[in-house]
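Asker: Structure supplied as my_file25.cif; contents: mmCIF, C-alpha atoms.
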```cif
data_run
#
loop_
_atom_site.label_atom_id
_atom_site.label_comp_id
_atom_site.auth_asym_id
_atom_site.auth_seq_id
_atom_site.Cartn_x
_atom_site.Cartn_y
_atom_site.Cartn_z
CA MET A 1 248.61 140.35 -44.51
CA ASN A 2 248.09 141.92 -47.94
CA ASP A 3 245.99 138.94 -49.01
CA VAL A 4 243.72 139.39 -45.98
CA MET A 5 243.33 143.10 -46.65
CA LEU A 6 242.44 142.43 -50.28
CA GLU A 7 239.80 139.90 -49.25
CA GLU A 8 238.25 142.38 -46.76
CA ALA A 9 238.22 145.11 -49.40
CA LYS A 10 236.51 142.77 -51.85
CA LEU A 11 233.79 141.99 -49.29
CA TRP A 12 233.34 145.73 -48.61
CA PHE A 13 232.79 146.67 -52.26
CA ASP A 14 230.80 143.60 -53.19
CA GLY A 15 228.48 143.98 -50.22
CA PRO A 16 226.84 141.16 -48.30
CA PRO A 17 225.05 138.48 -50.30
CA GLN A 18 221.39 139.34 -50.97
CA ARG A 19 218.82 137.27 -49.17
CA LYS A 20 216.34 135.51 -51.38
CA ARG A 21 212.77 136.31 -50.38
CA LYS A 22 210.88 133.18 -49.54
CA LEU A 23 207.74 132.84 -51.63
CA GLU A 24 204.67 132.00 -49.65
CA THR A 25 202.75 129.16 -51.17
CA PRO A 26 198.98 129.59 -50.80
CA VAL A 27 197.61 126.91 -48.57
CA ASN A 28 194.17 125.67 -47.70
CA PRO A 29 192.65 126.68 -44.36
CA PRO A 30 193.75 124.57 -41.40
CA PRO A 31 191.72 121.38 -41.00
CA PRO A 32 189.58 120.93 -37.89
CA PRO A 33 191.50 119.81 -34.79
CA PRO A 34 192.47 116.13 -34.89
CA PRO A 35 190.75 113.53 -32.69
CA PRO A 36 191.99 113.14 -29.13
CA THR A 37 195.28 111.32 -29.64
CA TYR A 38 198.58 112.06 -28.02
CA PRO A 39 201.10 113.61 -30.39
CA ALA A 40 204.50 112.01 -30.63
CA VAL A 41 207.06 113.67 -28.42
CA ASP A 42 210.78 113.67 -29.04
CA ASP A 43 212.47 112.24 -25.96
CA ASP A 44 215.39 114.59 -26.55
CA SER A 45 213.15 117.67 -26.57
CA SER A 46 211.91 117.84 -23.00
CA ASP A 47 211.17 121.57 -23.43
CA GLU A 48 208.42 120.71 -25.94
CA GLU A 49 206.78 117.86 -24.06
CA ILE A 50 203.01 118.11 -23.82
CA ASP A 51 201.12 117.21 -20.68
CA PRO A 52 198.73 114.40 -21.75
CA VAL A 53 196.12 115.59 -19.23
CA ALA A 54 196.25 119.16 -20.55
CA TRP A 55 196.17 117.91 -24.14
CA SER A 56 193.08 115.80 -23.42
CA LYS A 57 191.39 118.77 -21.75
CA TYR A 58 192.21 120.99 -24.74
CA GLN A 59 190.77 118.48 -27.20
CA ARG A 60 187.62 118.14 -25.14
CA GLN A 61 187.12 121.90 -25.02
CA VAL A 62 187.61 122.21 -28.78
CA SER A 63 185.19 119.36 -29.42
CA GLU A 64 182.50 120.66 -27.06
CA SER A 65 182.70 124.35 -28.00
CA GLY A 66 183.73 124.15 -31.66
CA GLY A 67 186.86 126.17 -30.80
CA PHE A 68 185.00 129.12 -29.25
CA ASP A 69 185.65 128.34 -25.57
CA VAL A 70 189.22 127.15 -25.12
CA ASP A 71 191.62 127.86 -22.26
CA LEU A 72 195.22 128.89 -22.82
CA PHE A 73 197.42 125.81 -23.28
CA PHE A 74 201.10 125.43 -24.09
CA GLN A 75 201.07 124.19 -27.69
CA PRO A 76 204.38 124.00 -29.54
CA PHE A 77 202.47 122.40 -32.43
CA GLY A 78 200.10 125.37 -32.80
CA GLY A 79 196.38 125.40 -32.10
CA ILE A 80 193.49 127.54 -30.96
CA ILE A 81 194.39 130.10 -28.32
CA PRO A 82 192.57 132.98 -26.59
CA GLY A 83 193.23 136.41 -28.07
CA ASP A 84 192.20 140.05 -27.86
CA CYS A 85 189.51 141.88 -29.77
CA THR A 86 191.15 143.83 -32.61
CA VAL A 87 189.85 145.97 -35.46
CA HIS A 88 189.95 142.82 -37.57
CA SER A 89 187.91 140.60 -35.25
CA LEU A 90 185.46 143.44 -34.61
CA LEU A 91 184.71 143.88 -38.32
CA PHE A 92 184.77 140.16 -39.05
CA GLY A 93 182.33 139.47 -36.23
CA LYS A 94 179.88 141.90 -37.82
CA VAL A 95 180.33 140.15 -41.17
CA GLY A 96 179.53 136.75 -39.67
CA LEU A 97 176.40 138.13 -37.97
CA HIS A 98 175.32 139.75 -41.25
CA TYR A 99 175.54 136.48 -43.13
CA TYR A 100 173.54 134.68 -40.45
CA ASN A 101 170.81 137.32 -40.85
CA LEU A 102 170.94 136.98 -44.62
CA GLU A 103 170.57 133.19 -44.44
CA LYS A 104 167.98 133.01 -41.68
CA GLY A 105 165.95 136.11 -42.49
CA THR A 106 166.59 137.50 -39.00
CA ASN A 107 167.54 141.01 -37.93
CA LEU A 108 169.99 140.52 -35.08
CA GLN A 109 171.82 143.74 -34.26
CA PHE A 110 175.49 143.77 -33.29
CA LYS A 111 176.24 144.97 -29.75
CA GLN A 112 179.78 143.95 -28.76
CA VAL A 113 182.46 141.31 -29.13
CA THR A 114 182.92 139.36 -25.90
CA LYS A 115 185.58 136.77 -26.78
CA VAL A 116 188.08 136.04 -29.55
CA ASN A 117 190.10 132.87 -30.08
CA THR A 118 192.57 132.53 -32.92
CA GLN A 119 194.27 129.72 -34.79
CA ILE A 120 197.49 130.78 -36.47
CA SER A 121 199.17 129.05 -39.37
CA SER A 122 200.12 130.63 -42.69
CA ILE A 123 196.59 132.06 -42.52
CA LEU A 124 194.58 133.28 -39.55
CA THR A 125 191.28 131.85 -38.34
CA PHE A 126 189.09 133.71 -35.83
CA TYR A 127 186.57 132.14 -33.44
CA ILE A 128 184.48 135.14 -32.41
CA THR A 129 181.79 135.27 -29.75
CA LEU A 130 179.62 138.39 -29.56
CA GLU A 131 176.44 139.77 -28.09
CA ALA A 132 173.59 140.74 -30.40
CA ILE A 133 170.20 142.34 -29.84
CA ASP A 134 167.09 140.58 -31.14
CA PRO A 135 164.40 143.20 -31.91
CA ALA A 136 161.90 140.43 -32.74
CA HIS A 137 161.98 139.28 -29.11
CA GLY A 138 161.83 142.48 -27.11
CA ASP A 139 165.45 143.49 -27.74
CA SER A 140 166.65 140.46 -25.82
CA LEU A 141 170.33 139.62 -25.90
CA VAL A 142 171.61 136.55 -27.73
CA THR A 143 175.10 135.08 -27.78
CA PHE A 144 176.29 134.63 -31.33
CA GLN A 145 179.37 132.76 -32.61
CA THR A 146 181.11 132.91 -35.95
CA CYS A 147 184.29 131.33 -37.29
CA LEU A 148 186.06 133.16 -40.13
CA THR A 149 189.36 132.78 -41.93
CA ASP A 150 191.46 135.70 -43.16
CA THR A 151 192.81 133.90 -46.18
CA VAL A 152 195.46 134.22 -48.90
CA LEU A 153 195.16 137.29 -51.12
CA MET A 154 194.38 136.62 -54.76
CA HIS A 155 191.98 137.73 -57.54
CA GLN A 156 193.38 141.28 -57.16
CA ALA A 157 191.55 141.55 -53.85
CA ARG A 158 193.18 143.38 -50.96
CA LEU A 159 191.06 141.60 -48.36
CA ARG A 160 189.58 138.07 -48.51
CA ILE A 161 187.77 136.28 -45.73
CA PHE A 162 185.39 133.35 -45.59
CA THR A 163 183.02 132.10 -42.91
CA ASN A 164 182.87 128.51 -41.69
CA THR A 165 180.33 128.84 -38.88
CA CYS A 166 177.54 131.34 -38.16
CA ARG A 167 175.33 130.28 -35.26
CA ILE A 168 173.57 131.13 -32.02
CA LYS A 169 175.68 129.67 -29.22
CA PRO A 170 174.17 126.32 -28.19
CA GLN A 171 173.01 126.10 -24.60
CA VAL A 172 174.35 122.57 -24.23
CA PRO A 173 178.08 122.10 -25.05
CA GLY A 174 178.71 119.72 -27.91
CA THR A 175 175.35 120.38 -29.55
CA GLY A 176 174.19 122.88 -32.15
CA VAL A 177 175.34 123.62 -35.67
CA SER A 178 179.01 122.97 -36.35
CA GLY A 179 180.80 124.44 -39.32
CA SER A 180 182.04 122.21 -42.10
CA PRO A 181 185.39 122.77 -43.81
CA TRP A 182 185.32 124.28 -47.27
CA PHE A 183 187.72 126.05 -49.60
CA PRO A 184 186.31 128.95 -51.69
CA ASP A 185 189.05 128.54 -54.30
CA ASP A 186 187.69 125.05 -55.03
CA ASP A 187 184.03 125.06 -54.05
CA ILE A 188 182.47 128.18 -55.59
CA ASP A 189 181.25 128.53 -59.16
CA ALA A 190 184.16 128.62 -61.62
CA CYS A 191 182.98 131.93 -63.08
CA TYR A 192 183.83 133.58 -59.74
CA GLN A 193 187.27 131.98 -59.42
CA VAL A 194 188.75 134.89 -61.36
CA ASP A 195 190.02 138.39 -60.67
CA LEU A 196 187.63 140.95 -59.29
CA PRO A 197 186.02 142.93 -62.12
CA ASN A 198 186.96 146.48 -63.01
CA TRP A 199 184.71 149.38 -62.11
CA PRO A 200 181.68 149.20 -64.46
CA GLN A 201 181.33 151.45 -67.46
CA ASP A 202 178.80 154.29 -67.39
CA ASP A 203 176.47 152.37 -69.72
CA ALA A 204 176.48 149.17 -67.66
CA LEU A 205 172.82 149.61 -66.70
CA THR A 206 171.75 149.99 -70.33
CA GLY A 207 174.38 147.96 -72.21
CA VAL A 208 174.45 144.40 -73.52
CA ASP A 209 174.68 142.87 -70.01
CA LYS A 210 172.14 145.24 -68.45
CA LEU A 211 170.09 142.36 -67.06
CA GLN A 212 173.00 141.47 -64.77
CA PHE A 213 173.11 144.95 -63.24
CA TYR A 214 170.73 146.50 -60.76
CA GLU A 215 170.92 149.93 -59.12
CA VAL A 216 169.85 149.87 -55.50
CA LYS A 217 167.01 152.25 -54.61
CA ASP A 218 167.22 154.68 -51.71
CA TRP A 219 164.52 152.85 -49.74
CA GLU A 220 166.44 149.59 -50.21
CA LEU A 221 169.49 151.18 -48.62
CA LYS A 222 167.42 151.87 -45.50
CA ASP A 223 166.14 148.30 -45.40
CA ASN A 224 169.56 146.75 -46.05
CA GLN A 225 171.95 148.49 -43.68
CA TRP A 226 174.50 145.73 -44.29
CA LEU A 227 175.41 147.55 -47.52
CA TYR A 228 177.13 150.10 -45.28
CA LEU A 229 179.01 147.20 -43.68
CA TYR A 230 180.18 146.18 -47.16
CA ALA A 231 181.38 149.74 -47.77
CA GLU A 232 183.25 149.61 -44.45
CA PHE A 233 184.71 146.23 -45.44
CA ALA A 234 185.91 147.71 -48.75
CA LEU A 235 187.47 150.72 -47.01
CA PHE A 236 189.15 148.38 -44.53
CA SER A 237 190.74 146.55 -47.45
CA TYR A 238 192.38 149.86 -48.40
CA ARG A 239 193.44 150.74 -44.89
CA GLU A 240 193.45 147.96 -42.30
CA ASP A 241 193.18 150.28 -39.34
CA ASP A 242 190.68 151.76 -36.93
CA LEU A 243 188.09 153.43 -39.18
CA SER A 244 186.08 155.14 -36.43
CA ALA A 245 187.38 158.57 -37.49
CA HIS A 246 185.91 157.98 -40.97
CA MET A 247 182.47 156.83 -39.80
CA PRO A 248 179.62 157.11 -40.51
CA LEU A 249 179.79 156.61 -44.25
CA GLU A 250 177.56 158.45 -46.67
CA MET A 251 176.39 156.16 -49.45
CA ARG A 252 176.30 157.72 -52.91
CA LYS A 253 175.34 154.81 -55.13
CA VAL A 254 175.22 151.01 -55.07
CA VAL A 255 175.04 148.78 -58.14
CA VAL A 256 174.69 145.00 -57.89
CA GLN A 257 175.88 142.60 -60.58
CA THR A 258 174.53 139.06 -60.44
CA LYS A 259 173.17 136.29 -62.65
CA GLU A 260 170.70 135.26 -59.95
CA ASP A 261 167.15 136.53 -59.45
CA MET A 262 167.46 137.54 -55.80
CA LYS A 263 169.50 140.67 -56.61
CA LEU A 264 170.56 142.01 -53.20
CA LYS A 265 170.16 138.65 -51.51
CA SER A 266 171.83 136.57 -54.21
CA GLY A 267 174.38 134.13 -52.87
CA ASN A 268 176.83 135.14 -55.59
CA ALA A 269 177.01 138.81 -56.49
CA VAL A 270 179.34 141.76 -56.98
CA PHE A 271 178.60 145.06 -55.25
CA TYR A 272 179.90 148.36 -56.61
CA LEU A 273 179.71 150.97 -53.86
CA SER A 274 180.33 154.71 -54.17
CA PHE A 275 180.51 156.40 -50.76
CA LYS A 276 181.99 159.30 -48.83
CA THR A 277 183.70 159.17 -45.44
CA ARG A 278 183.04 161.55 -42.57
CA GLY A 279 186.35 163.23 -43.36
CA GLY A 280 185.28 163.91 -46.94
CA LEU A 281 187.14 161.16 -48.78
CA GLU A 282 185.38 160.00 -51.94
CA CYS A 283 185.65 156.21 -52.22
CA ARG A 284 184.75 153.46 -54.65
CA GLY A 285 184.67 149.91 -53.39
CA ILE A 286 184.09 146.53 -55.01
CA VAL A 287 182.92 143.66 -52.82
CA ARG A 288 182.28 140.19 -54.20
CA ARG A 289 180.14 137.74 -52.23
CA THR A 290 180.26 134.05 -53.12
CA THR A 291 178.96 130.87 -51.51
CA ASP A 292 178.98 127.13 -52.10
CA GLY A 293 175.32 126.83 -51.09
CA LYS A 294 176.00 125.26 -47.69
CA PRO A 295 174.87 126.86 -44.39
CA GLY A 296 177.33 129.28 -42.85
CA HIS A 297 179.59 129.43 -45.90
CA MET A 298 180.30 132.81 -47.45
CA CYS A 299 183.41 134.40 -48.98
CA LEU A 300 183.92 138.16 -49.23
CA GLU A 301 186.62 139.75 -51.40
CA ALA A 302 187.21 143.48 -51.62
CA ARG A 303 189.30 146.29 -52.96
CA CYS A 304 188.86 150.05 -52.77
CA TRP A 305 189.96 153.27 -54.44
CA VAL A 306 190.15 156.55 -52.54
CA ASP A 307 190.04 159.80 -54.51
CA LYS A 308 192.04 162.21 -52.39
#
```
Translate this file's structure into structure tokens.
Answerer:
Amino acid sequence: MNDVMLEEAKLWFDGPPQRKRKLETPVNPPPPPPPPTYPAVDDDSSDEEIDPVAWSKYQRQVSESGGFDVDLFFQPFGGIIPGDCTVHSLLFGKVGLHYYNLEKGTNLQFKQVTKVNTQISSILTFYITLEAIDPAHGDSLVTFQTCLTDTVLMHQARLRIFTNTCRIKPQVPGTGVSGSPWFPDDDIDACYQVDLPNWPQDDALTGVDKLQFYEVKDWELKDNQWLYLYAEFALFSYREDDLSAHMPLEMRKVVVQTKEDMKLKSGNAVFYLSFKTRGGLECRGIVRRTTDGKPGHMCLEARCWVDK
């Protein structure tokens, strides 16, 4: 009896053994769905058996729609499933539409998200369908689709996403532009595979690297409303929540850093944004945009400081 009491006392004072926190190993985005083959099923696991007919239907829907129009299927192996519109998918849908406009030279205006599918692994991929207004064609409505991945945090960024597909929804299933897999950590220029830069010094516009910096003019802010989206994206990296109470944002100053000639429309650039929220918060955000030069491929990384 005494031995038992001593053992219990020892456990009490020593405390329970500490759990080791499992380190998450960064992984590449999930590959596109495999071709229509039946996955192996363990005969002893009847609870996880997959209906071959349902599996074939799922694969057909993924193939025809690119993952944007998929019914709810039982998938113990994971896969693309219907989801709800969240603050994440709402913002990410706007980002995908912005990049389409940037690439195509269009001016489609966001209206509303109509459908969201998600693919969950160690990272999260969104298949977002939305309605947009086309001012160039009498404010007609177009159905737009974008696939984005909320990827592993690195480079001192607090939010990193990349687009795989940015397209007008094809009228005929199985046609239209399909996204191609890519991995920003491997495919972008090596000079951007580093930490986000610090906030620029006061003499950045006149210093040794002054040719890389460009201060955006007031009239350019009016013609490039997506800069406000970048400010919202930066603020969202600080506080991943509903930002409606902080909108609209008042832009103070925008400086672009790039080695390319296109300045605002450069595929690879860093944006330094000073802005104020509706509630009076003074914010500084850094957003880096990178591409691999292929259609529909853009990566955005952001972090933000709020001076309370």
Asker: To one decimal place in Å, what is the distance between CA of Ile286 (chain A) and CA of Arg303 (chain A)?
Answerer: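 Answer for the CA of Ile286 (chain A) to CA of Arg303 (chain A) separation: 5.6 Å.
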Asker: Which protein, DNA or RNA residues are at most 12 Å from (182.9, 119.7, -46.6) in the file's coordinates when you count only C-alpha atoms, listed as a VMD selection string?
Answerer: chain A and resid 31 to 32 164 178 to 184 186 to 187 292 to 297
Asker: Hey, can you check how far CA of Tyr99 (chain A) sits from CA of Val62 (chain A)?
Answerer: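 Those two atoms sit 23.6 Å apart.
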Asker: Running the PyMOL selection byres ((chain A and resi 243) around 12) on this model by hand, what would come out? Give it as a PyMOL selection string.
Answerer: chain A and resi 87-88+90-91+229+231-242+244-249+277-279
Asker: For C-alpha atoms, I'd like the residues from the last selection saved as an mmCIF file, in the frame of the given file.
Answerer:
```
data_model
loop_
_atom_site.group_PDB
_atom_site.id
_atom_site.type_symbol
_atom_site.label_atom_id
_atom_site.label_comp_id
_atom_site.auth_asym_id
_atom_site.auth_seq_id
_atom_site.Cartn_x
_atom_site.Cartn_y
_atom_site.Cartn_z
ATOM 1 C CA VAL A 87 189.850 145.970 -35.460
ATOM 2 C CA HIS A 88 189.950 142.820 -37.570
ATOM 3 C CA LEU A 90 185.460 143.440 -34.610
ATOM 4 C CA LEU A 91 184.710 143.880 -38.320
ATOM 5 C CA LEU A 229 179.010 147.200 -43.680
ATOM 6 C CA ALA A 231 181.380 149.740 -47.770
ATOM 7 C CA GLU A 232 183.250 149.610 -44.450
ATOM 8 C CA PHE A 233 184.710 146.230 -45.440
ATOM 9 C CA ALA A 234 185.910 147.710 -48.750
ATOM 10 C CA LEU A 235 187.470 150.720 -47.010
ATOM 11 C CA PHE A 236 189.150 148.380 -44.530
ATOM 12 C CA SER A 237 190.740 146.550 -47.450
ATOM 13 C CA TYR A 238 192.380 149.860 -48.400
ATOM 14 C CA ARG A 239 193.440 150.740 -44.890
ATOM 15 C CA GLU A 240 193.450 147.960 -42.300
ATOM 16 C CA ASP A 241 193.180 150.280 -39.340
ATOM 17 C CA ASP A 242 190.680 151.760 -36.930
ATOM 18 C CA SER A 244 186.080 155.140 -36.430
ATOM 19 C CA ALA A 245 187.380 158.570 -37.490
ATOM 20 C CA HIS A 246 185.910 157.980 -40.970
ATOM 21 C CA MET A 247 182.470 156.830 -39.800
ATOM 22 C CA PRO A 248 179.620 157.110 -40.510
ATOM 23 C CA LEU A 249 179.790 156.610 -44.250
ATOM 24 C CA THR A 277 183.700 159.170 -45.440
ATOM 25 C CA ARG A 278 183.040 161.550 -42.570
ATOM 26 C CA GLY A 279 186.350 163.230 -43.360
#
```
Asker: Could you produce a table of the residues of region 189-307 of chain A lying within 12 Å of region 105-115 of chain A, with the nearest pair of atoms per residue and their separation in Å rounded to one decimal, using only C-alpha atoms, ordered by chain and increasing residue number, as a tab-separated table?
Answerer:
```
residue	atom	partner	partner_atom	distance
A:Asp223	CA	A:Asn107	CA	10.5
A:Asn224	CA	A:Asn107	CA	10.1
A:Gln225	CA	A:Asn107	CA	10.4
A:Trp226	CA	A:Asn107	CA	10.5
A:Leu229	CA	A:Phe110	CA	11.5
A:Lys265	CA	A:Gly105	CA	10.3
```
Asker: Translate the PyMOL selection byres ((chain A and resi 198-206) around 12) into a concrete residue list for this structure, as a ChimeraX atom specification.
Answerer: /A:155-157,194-197,207-216,254-257,270-274,284-288,302-305
Asker: Just the selected residues (C-alpha atoms), exported as a PDB file, in the frame of the given file, please.
Answerer:
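part28.pdb, written as the output of this step:
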```
ATOM      1  CA  HIS A 155     191.980 137.730 -57.540  1.00  0.00           C
ATOM      2  CA  GLN A 156     193.380 141.280 -57.160  1.00  0.00           C
ATOM      3  CA  ALA A 157     191.550 141.550 -53.850  1.00  0.00           C
ATOM      4  CA  VAL A 194     188.750 134.890 -61.360  1.00  0.00           C
ATOM      5  CA  ASP A 195     190.020 138.390 -60.670  1.00  0.00           C
ATOM      6  CA  LEU A 196     187.630 140.950 -59.290  1.00  0.00           C
ATOM      7  CA  PRO A 197     186.020 142.930 -62.120  1.00  0.00           C
ATOM      8  CA  GLY A 207     174.380 147.960 -72.210  1.00  0.00           C
ATOM      9  CA  VAL A 208     174.450 144.400 -73.520  1.00  0.00           C
ATOM     10  CA  ASP A 209     174.680 142.870 -70.010  1.00  0.00           C
ATOM     11  CA  LYS A 210     172.140 145.240 -68.450  1.00  0.00           C
ATOM     12  CA  LEU A 211     170.090 142.360 -67.060  1.00  0.00           C
ATOM     13  CA  GLN A 212     173.000 141.470 -64.770  1.00  0.00           C
ATOM     14  CA  PHE A 213     173.110 144.950 -63.240  1.00  0.00           C
ATOM     15  CA  TYR A 214     170.730 146.500 -60.760  1.00  0.00           C
ATOM     16  CA  GLU A 215     170.920 149.930 -59.120  1.00  0.00           C
ATOM     17  CA  VAL A 216     169.850 149.870 -55.500  1.00  0.00           C
ATOM     18  CA  VAL A 254     175.220 151.010 -55.070  1.00  0.00           C
ATOM     19  CA  VAL A 255     175.040 148.780 -58.140  1.00  0.00           C
ATOM     20  CA  VAL A 256     174.690 145.000 -57.890  1.00  0.00           C
ATOM     21  CA  GLN A 257     175.880 142.600 -60.580  1.00  0.00           C
ATOM     22  CA  VAL A 270     179.340 141.760 -56.980  1.00  0.00           C
ATOM     23  CA  PHE A 271     178.600 145.060 -55.250  1.00  0.00           C
ATOM     24  CA  TYR A 272     179.900 148.360 -56.610  1.00  0.00           C
ATOM     25  CA  LEU A 273     179.710 150.970 -53.860  1.00  0.00           C
ATOM     26  CA  SER A 274     180.330 154.710 -54.170  1.00  0.00           C
ATOM     27  CA  ARG A 284     184.750 153.460 -54.650  1.00  0.00           C
ATOM     28  CA  GLY A 285     184.670 149.910 -53.390  1.00  0.00           C
ATOM     29  CA  ILE A 286     184.090 146.530 -55.010  1.00  0.00           C
ATOM     30  CA  VAL A 287     182.920 143.660 -52.820  1.00  0.00           C
ATOM     31  CA  ARG A 288     182.280 140.190 -54.200  1.00  0.00           C
ATOM     32  CA  ALA A 302     187.210 143.480 -51.620  1.00  0.00           C
ATOM     33  CA  ARG A 303     189.300 146.290 -52.960  1.00  0.00           C
ATOM     34  CA  CYS A 304     188.860 150.050 -52.770  1.00  0.00           C
ATOM     35  CA  TRP A 305     189.960 153.270 -54.440  1.00  0.00           C
TER      36      TRP A 305
END
```
Asker: Could you list, as a VMD selection string, every residue matched by the PyMOL selection byres ((chain A and resi 124) around 10) in this structure?
Answerer: chain A and resid 29 to 30 118 to 123 125 to 126 148 to 152 161
Asker: Near Gly67 (chain A), within 8 Å and counting all atoms listed in the file, which residues show up once chain neighbours fewer than 6 positions away are dropped, as a list in words?
Answerer: Gln61, Ile80, Asn117 and Tyr127 of chain A
Asker: By how many Å are CA of Ser266 (chain A) and CA of Asp218 (chain A) apart?
Answerer: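 Interatomic distance, CA of Ser266 (chain A) to CA of Asp218 (chain A): 18.9 Å.
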Asker: As a PDB file with C-alpha atoms, in the frame of the given file, please: the residues near Thr290 (chain A) (cut-off 6 Å, all atoms listed in the file, same-chain neighbours under 6 positions excluded).
Answerer:
```
ATOM      1  CA  GLY A 267     174.380 134.130 -52.870  1.00  0.00           C
ATOM      2  CA  ASN A 268     176.830 135.140 -55.590  1.00  0.00           C
ATOM      3  CA  MET A 298     180.300 132.810 -47.450  1.00  0.00           C
ATOM      4  CA  CYS A 299     183.410 134.400 -48.980  1.00  0.00           C
TER       5      CYS A 299
END
```
Asker: Write out as a CSV table (one decimal) with C-alpha atoms, keeping the file's coordinate frame each polymer residue whose atoms come within 7 Å of Leu141 (chain A), counting all atoms listed in the file; drop sequence neighbours fewer than 5 positions from it.
Answerer:
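result-v8.csv was written with the following content:
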```csv
chain,number,residue,atom,x,y,z
A,131,GLU,CA,176.4,139.8,-28.1
A,132,ALA,CA,173.6,140.7,-30.4
A,133,ILE,CA,170.2,142.3,-29.8
A,134,ASP,CA,167.1,140.6,-31.1
```
